[in-house]
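Dumped final.txt below, it's compact mmCIF, C-alpha atoms:
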# COMPACT_ATOMS: atom_id res chain seq x y z
CA ILE A 1 14.91 16.69 7.64
CA GLN A 2 18.13 18.61 8.18
CA ARG A 3 20.60 19.10 5.36
CA LEU A 4 24.23 19.66 6.33
CA SER A 5 26.05 22.00 3.94
CA GLY A 6 29.16 24.18 3.90
CA CYS A 7 31.55 21.34 3.08
CA PRO A 8 32.83 22.12 -0.45
CA MET A 9 35.28 19.19 -0.56
CA ALA A 10 32.81 16.57 0.62
CA LYS A 11 31.49 14.05 -1.91
CA THR A 12 28.71 12.74 0.29
CA ALA A 13 25.60 14.22 1.87
CA THR A 14 24.14 13.56 5.30
CA LEU A 15 20.43 13.64 6.12
CA VAL A 16 19.45 13.82 9.79
CA LEU A 17 15.92 12.60 10.46
CA ARG A 18 14.09 13.88 13.50
CA GLY A 19 10.64 12.93 14.68
CA GLY A 20 8.40 12.41 17.64
CA SER A 21 8.33 8.62 17.52
CA GLU A 22 10.41 5.67 16.38
CA GLN A 23 7.69 4.59 13.95
CA PHE A 24 7.71 8.00 12.27
CA ILE A 25 11.49 7.89 11.92
CA GLU A 26 11.42 4.40 10.41
CA GLU A 27 8.70 5.37 7.93
CA SER A 28 10.61 8.50 6.90
CA HIS A 29 13.81 6.50 6.50
CA ARG A 30 12.06 3.94 4.32
CA SER A 31 10.49 6.62 2.11
CA ILE A 32 13.78 8.47 1.61
CA HIS A 33 15.64 5.22 0.90
CA ASP A 34 13.05 4.22 -1.72
CA ALA A 35 13.29 7.65 -3.37
CA LEU A 36 17.09 7.50 -3.48
CA MET A 37 17.05 4.01 -4.97
CA ILE A 38 14.59 5.14 -7.66
CA VAL A 39 16.89 8.03 -8.57
CA LYS A 40 19.86 5.67 -8.65
CA ARG A 41 18.02 3.24 -10.89
CA GLY A 42 16.94 6.12 -13.11
CA THR A 43 20.54 7.14 -13.69
CA GLN A 44 21.46 3.56 -14.64
CA GLU A 45 18.38 2.71 -16.69
CA HIS A 46 17.60 5.26 -19.39
CA THR A 47 14.16 3.88 -20.26
CA VAL A 48 11.29 5.49 -18.37
CA VAL A 49 7.49 5.26 -18.36
CA GLY A 50 4.80 7.58 -17.07
CA GLY A 51 3.93 7.33 -13.41
CA GLY A 52 0.75 8.14 -11.54
CA GLY A 53 -0.83 4.79 -12.34
CA ALA A 54 -0.81 5.43 -16.10
CA VAL A 55 0.86 2.13 -16.96
CA GLU A 56 -1.51 0.15 -14.74
CA MET A 57 -4.58 1.78 -16.28
CA GLU A 58 -3.36 1.13 -19.82
CA LEU A 59 -2.60 -2.51 -18.98
CA SER A 60 -6.04 -2.83 -17.39
CA ARG A 61 -7.70 -1.45 -20.52
CA SER A 62 -5.76 -3.83 -22.77
CA LEU A 63 -6.59 -6.84 -20.62
CA ARG A 64 -10.30 -5.98 -20.53
CA ALA A 65 -10.31 -5.74 -24.33
CA ALA A 66 -8.41 -9.02 -24.70
CA ALA A 67 -10.77 -10.80 -22.26
CA LEU A 68 -13.66 -10.34 -24.68
CA ASP A 69 -12.03 -12.85 -27.04
CA ILE A 70 -11.48 -15.48 -24.32
CA ARG A 71 -14.03 -18.18 -23.59
CA GLY A 72 -14.64 -20.00 -20.36
CA LYS A 73 -13.39 -19.29 -16.88
CA ASP A 74 -10.09 -17.94 -18.17
CA GLN A 75 -11.94 -14.75 -19.05
CA LEU A 76 -12.74 -14.21 -15.37
CA VAL A 77 -9.07 -14.60 -14.50
CA VAL A 78 -8.01 -11.98 -17.01
CA LEU A 79 -10.72 -9.59 -15.83
CA SER A 80 -9.63 -10.08 -12.22
CA VAL A 81 -6.05 -9.17 -13.11
CA ALA A 82 -7.31 -6.09 -14.94
CA ARG A 83 -9.31 -5.07 -11.89
CA ALA A 84 -6.34 -5.68 -9.59
CA LEU A 85 -4.14 -3.33 -11.63
CA GLU A 86 -6.54 -0.48 -10.88
CA VAL A 87 -5.61 -0.69 -7.20
CA ILE A 88 -2.50 1.46 -7.81
CA PRO A 89 -4.25 4.57 -9.22
CA ARG A 90 -7.11 4.09 -6.75
CA GLN A 91 -4.68 4.13 -3.81
CA LEU A 92 -2.88 7.16 -5.21
CA ALA A 93 -6.18 9.04 -5.38
CA MET A 94 -7.16 7.99 -1.86
CA ASN A 95 -3.76 8.96 -0.43
CA SER A 96 -4.15 12.39 -2.03
CA GLY A 97 -7.55 12.86 -0.40
CA PHE A 98 -9.51 12.65 -3.66
CA ASP A 99 -12.65 10.76 -4.59
CA ALA A 100 -11.13 7.57 -6.00
CA THR A 101 -14.29 6.64 -7.89
CA ASP A 102 -14.37 9.91 -9.86
CA VAL A 103 -10.66 9.76 -10.63
CA LEU A 104 -10.84 6.15 -11.83
CA ASN A 105 -13.85 6.91 -14.03
CA ALA A 106 -11.94 9.79 -15.63
CA LEU A 107 -8.90 7.56 -16.17
CA ARG A 108 -10.97 4.80 -17.75
CA LYS A 109 -12.60 7.29 -20.10
CA SER A 110 -9.27 8.80 -21.11
CA HIS A 111 -7.58 5.45 -21.76
CA ALA A 112 -10.57 3.98 -23.60
CA ASP A 113 -11.18 6.97 -25.89
CA PRO A 114 -10.72 5.51 -29.41
CA THR A 115 -10.11 8.94 -30.95
CA ASN A 116 -7.32 9.82 -28.54
CA LEU A 117 -5.56 6.58 -27.63
CA GLN A 118 -2.02 7.91 -28.13
CA ALA A 119 -2.59 11.04 -26.04
CA GLY A 120 -4.37 9.10 -23.30
CA LEU A 121 -1.63 6.49 -23.08
CA TRP A 122 0.19 8.27 -20.23
CA THR A 123 -2.83 9.66 -18.41
CA GLY A 124 -2.46 9.17 -14.66
CA VAL A 125 -3.55 10.58 -11.32
CA ASP A 126 -2.84 14.26 -10.72
CA CYS A 127 -1.93 14.27 -7.02
CA ASP A 128 -1.49 18.05 -6.89
CA ASN A 129 -4.85 18.97 -8.42
CA GLU A 130 -7.76 16.58 -8.15
CA GLY A 131 -8.15 14.97 -11.54
CA ILE A 132 -5.99 13.38 -14.22
CA ILE A 133 -2.91 14.55 -16.09
CA ASP A 134 -0.52 13.48 -18.85
CA THR A 135 2.20 12.20 -16.55
CA PHE A 136 4.80 11.98 -19.30
CA GLN A 137 4.39 15.63 -20.24
CA ALA A 138 4.35 16.56 -16.52
CA HIS A 139 7.73 14.80 -16.04
CA ILE A 140 6.25 12.22 -13.65
CA TRP A 141 8.39 9.28 -14.66
CA GLU A 142 9.37 5.88 -13.35
CA PRO A 143 12.21 3.62 -14.53
CA ALA A 144 10.75 1.02 -16.87
CA LEU A 145 12.79 -1.74 -15.22
CA ASN A 146 11.29 -0.92 -11.81
CA LYS A 147 7.78 -1.06 -13.20
CA ALA A 148 8.40 -4.39 -14.94
CA ASN A 149 9.92 -5.88 -11.78
CA ALA A 150 7.00 -4.69 -9.64
CA ILE A 151 4.39 -6.23 -11.94
CA ALA A 152 6.37 -9.48 -12.23
CA ALA A 153 6.77 -9.72 -8.43
CA ALA A 154 3.05 -9.13 -7.90
CA ALA A 155 2.18 -11.84 -10.43
CA GLU A 156 4.58 -14.31 -8.81
CA ALA A 157 3.15 -13.60 -5.34
CA ALA A 158 -0.39 -14.19 -6.62
CA CYS A 159 0.67 -17.48 -8.23
CA GLN A 160 2.31 -18.62 -4.99
CA ILE A 161 -0.89 -17.92 -3.04
CA LEU A 162 -3.01 -19.79 -5.59
CA GLN A 163 -0.73 -22.82 -5.28
CA ILE A 164 -1.49 -23.19 -1.57
CA ASP A 165 -3.84 -26.15 -1.20
CA GLU A 166 -3.33 -26.93 2.48
CA THR A 167 -2.69 -24.97 5.66
CA VAL A 168 -0.94 -26.14 8.81
CA LYS A 169 -2.53 -25.20 12.14
CA ASN A 170 -1.07 -25.31 15.61
CA PRO A 171 -3.37 -27.59 17.69
CA ASN A 172 -2.42 -25.79 20.90
CA SER A 173 -3.77 -22.49 19.59
CA GLN A 174 -7.23 -24.07 19.25
CA GLN A 175 -7.40 -25.11 22.91
CA PRO A 176 -9.41 -23.02 25.39
CA GLY A 177 -7.18 -20.75 27.44
CA ALA A 178 -4.26 -21.06 25.04
CA ALA A 179 -1.61 -18.35 24.98
CA ASP A 180 -2.00 -15.39 22.67
CA ALA A 181 0.59 -14.12 20.17
CA SER A 182 2.71 -12.67 23.01
CA GLY A 183 2.79 -16.01 24.86
CA VAL A 184 0.45 -14.96 27.69
CA SER A 185 -2.19 -17.55 28.58
CA LEU A 186 -5.80 -16.72 29.37
CA ALA A 187 -5.28 -17.46 33.08
CA GLU A 188 -2.35 -15.06 33.24
CA GLN A 189 -4.39 -12.39 31.47
CA GLN A 190 -7.17 -12.80 34.03
CA GLN A 191 -4.68 -12.57 36.91
CA ARG A 192 -3.23 -9.36 35.52
CA THR A 193 -6.69 -7.87 35.08
CA SER A 194 -7.63 -8.80 38.63
CA ALA A 195 -4.42 -7.28 39.97
CA ALA A 196 -5.12 -4.06 38.07
CA MET A 197 -8.55 -3.92 39.76
CA GLY A 198 -7.00 -4.16 43.21
CA GLY A 199 -7.51 -7.90 43.56
CA ARG A 200 -11.26 -7.55 44.19
CA GLY A 201 -12.68 -7.63 40.67
CA MET A 202 -15.21 -4.93 39.88
CA ALA A 203 -15.36 -3.93 43.54
CA GLY A 204 -11.77 -2.79 43.29
CA MET A 205 -12.65 -0.52 40.41
CA MET A 206 -15.66 1.05 42.16
CA GLY A 207 -13.75 2.30 45.18
CA ARG A 208 -12.93 1.31 48.72
CA GLY A 209 -16.51 0.70 49.72
CA GLY A 210 -16.82 -2.25 47.37
CA ARG A 211 -20.57 -1.72 46.97
CA GLY A 212 -20.39 0.39 43.87
CA VAL A 213 -24.11 0.27 43.00
CA ARG A 214 -25.24 1.36 46.48
CA ARG A 215 -22.70 4.19 46.58
CA LEU A 216 -24.17 5.60 43.37
CA LYS A 217 -27.68 5.85 44.84
Take the structure in this file and express it as structure tokens.
Amino acid sequence: IQRLSGCPMAKTATLVLRGGSEQFIEESHRSIHDALMIVKRGTQEHTVVGGGGAVEMELSRSLRAAALDIRGKDQLVVLSVARALEVIPRQLAMNSGFDATDVLNALRKSHADPTNLQAGLWTGVDCDNEGIIDTFQAHIWEPALNKANAIAAAAEAACQILQIDETVKNPNSQQPGAADASGVSLAEQQQRTSAAMGGRGMAGMMGRGGRGVRRLK
């Protein structure tokens, strides 16, 4: 990333992204855009929560405790949601190169400690040092509105998937020799492979003699 400076009267900043591939550039652009939007939302919304998966772990703990008072299959639904919330801190630990199982066990213990519930409320993944940390004290914050929107969007997506009771299939895709996702049929694929082999199948790959097995003896 290159930062252009030396323009005292300018009210904008320019970031020049450079990379070895288009995919790298697009990923860097997306990450920077997300970070800038979070900062923008933070300046507009003055309510913040601890990051590092602390909110997800606390919600998971609360749901597991509430599921004990629920009878029937609804208990399994609540437990599944609680387990799904742990994906965020698990992925943070994995992305940081840590043992996700050890980090999650430490988080569960901290959030479930009855003698220290208030202090363990904001315990999240410490991505700098393998372990857990009080994210609120470490100034690892997220806008509360962003967190609420993310959880609501995830719940809505799950509900939409559960409402699907029928799928539509393309009959042509089930036929032998049908085209793949790029629109190339099986016959065309075989022709291209044969052309790459010199038009003589395996003999074209083994050399001019054509009798590859005998030439190896």
> Of the candidates A:Glu26, A:Asp165, A:Asp69, A:Glu58, which one gets nearest to A:Arg83 if we count all atoms listed in the file?
Replying inline: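 Selected residue with least distance to A:Arg83: A:Glu58.
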>> Taking (3.2, 14.9, -19.1) in the coordinates of the supplied file, I want to know which residues reach to within 10 Å of it, counting all atoms listed in the file; could you give the answer as an MDAnalysis selection string?
In response: chainID A and resid 50:51 119 122:124 133:141
> atom CA of A:Lys40 to atom CA of A:Ala148: how many Å, to one decimal?
Replying inline: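 These atoms are spaced 16.5 Å apart.
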>> Using only C-alpha atoms - which residues lie no farther than 12 Å from the point (7.5, -2.9, -10.8) in the file's frame? Write them as a list of chain:residue names.
In response: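 Within 12 Å of (7.5, -2.9, -10.8), the protein and nucleic acid residues are A:Ile38, A:Val48, A:Val49, A:Gly51, A:Gly53, A:Val55, A:Glu56, A:Leu85, A:Ile88, A:Glu142, A:Pro143, A:Ala144, A:Leu145, A:Asn146, A:Lys147, A:Ala148, A:Asn149, A:Ala150, A:Ile151, A:Ala152, A:Ala153, A:Ala154, A:Ala155, A:Glu156.
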Let me have the centre and edge lengths in Å, one decimal, of the box along x, y and z around every listed atom of stretch 75-84 of chain A with 3 Å of margin on each side, as AutoDock Vina command-line options.
--center_x -9.4 --center_y -9.9 --center_z -14.3 --size_x 12.7 --size_y 15.7 --size_z 15.5
> So, counting all atoms listed in the file, which residue among A:Ala158, A:Ala100, A:Ala54, A:Ala67 is closest to A:Ala82?
Replying inline: A:Ala67
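Computed from the coordinates, the atom CA of A:Ala66 to atom CA of A:Leu121 distance equals 17.0 Å.
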>> So the first atom is atom CA of A:Leu104 and the second is atom CA of A:Gln75; what is the distance between them in Å, to one decimal place?
In response: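 The value is 22.1 Å.
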>> Which residues are close to A:Thr101, i.e. within 12 Å by all atoms listed in the file, leaving aside same-chain residues fewer than 4 positions away? Reply as a PyMOL selection string.
In response: chain A and resi 86-87+89-94+97+105-108+125+130-131
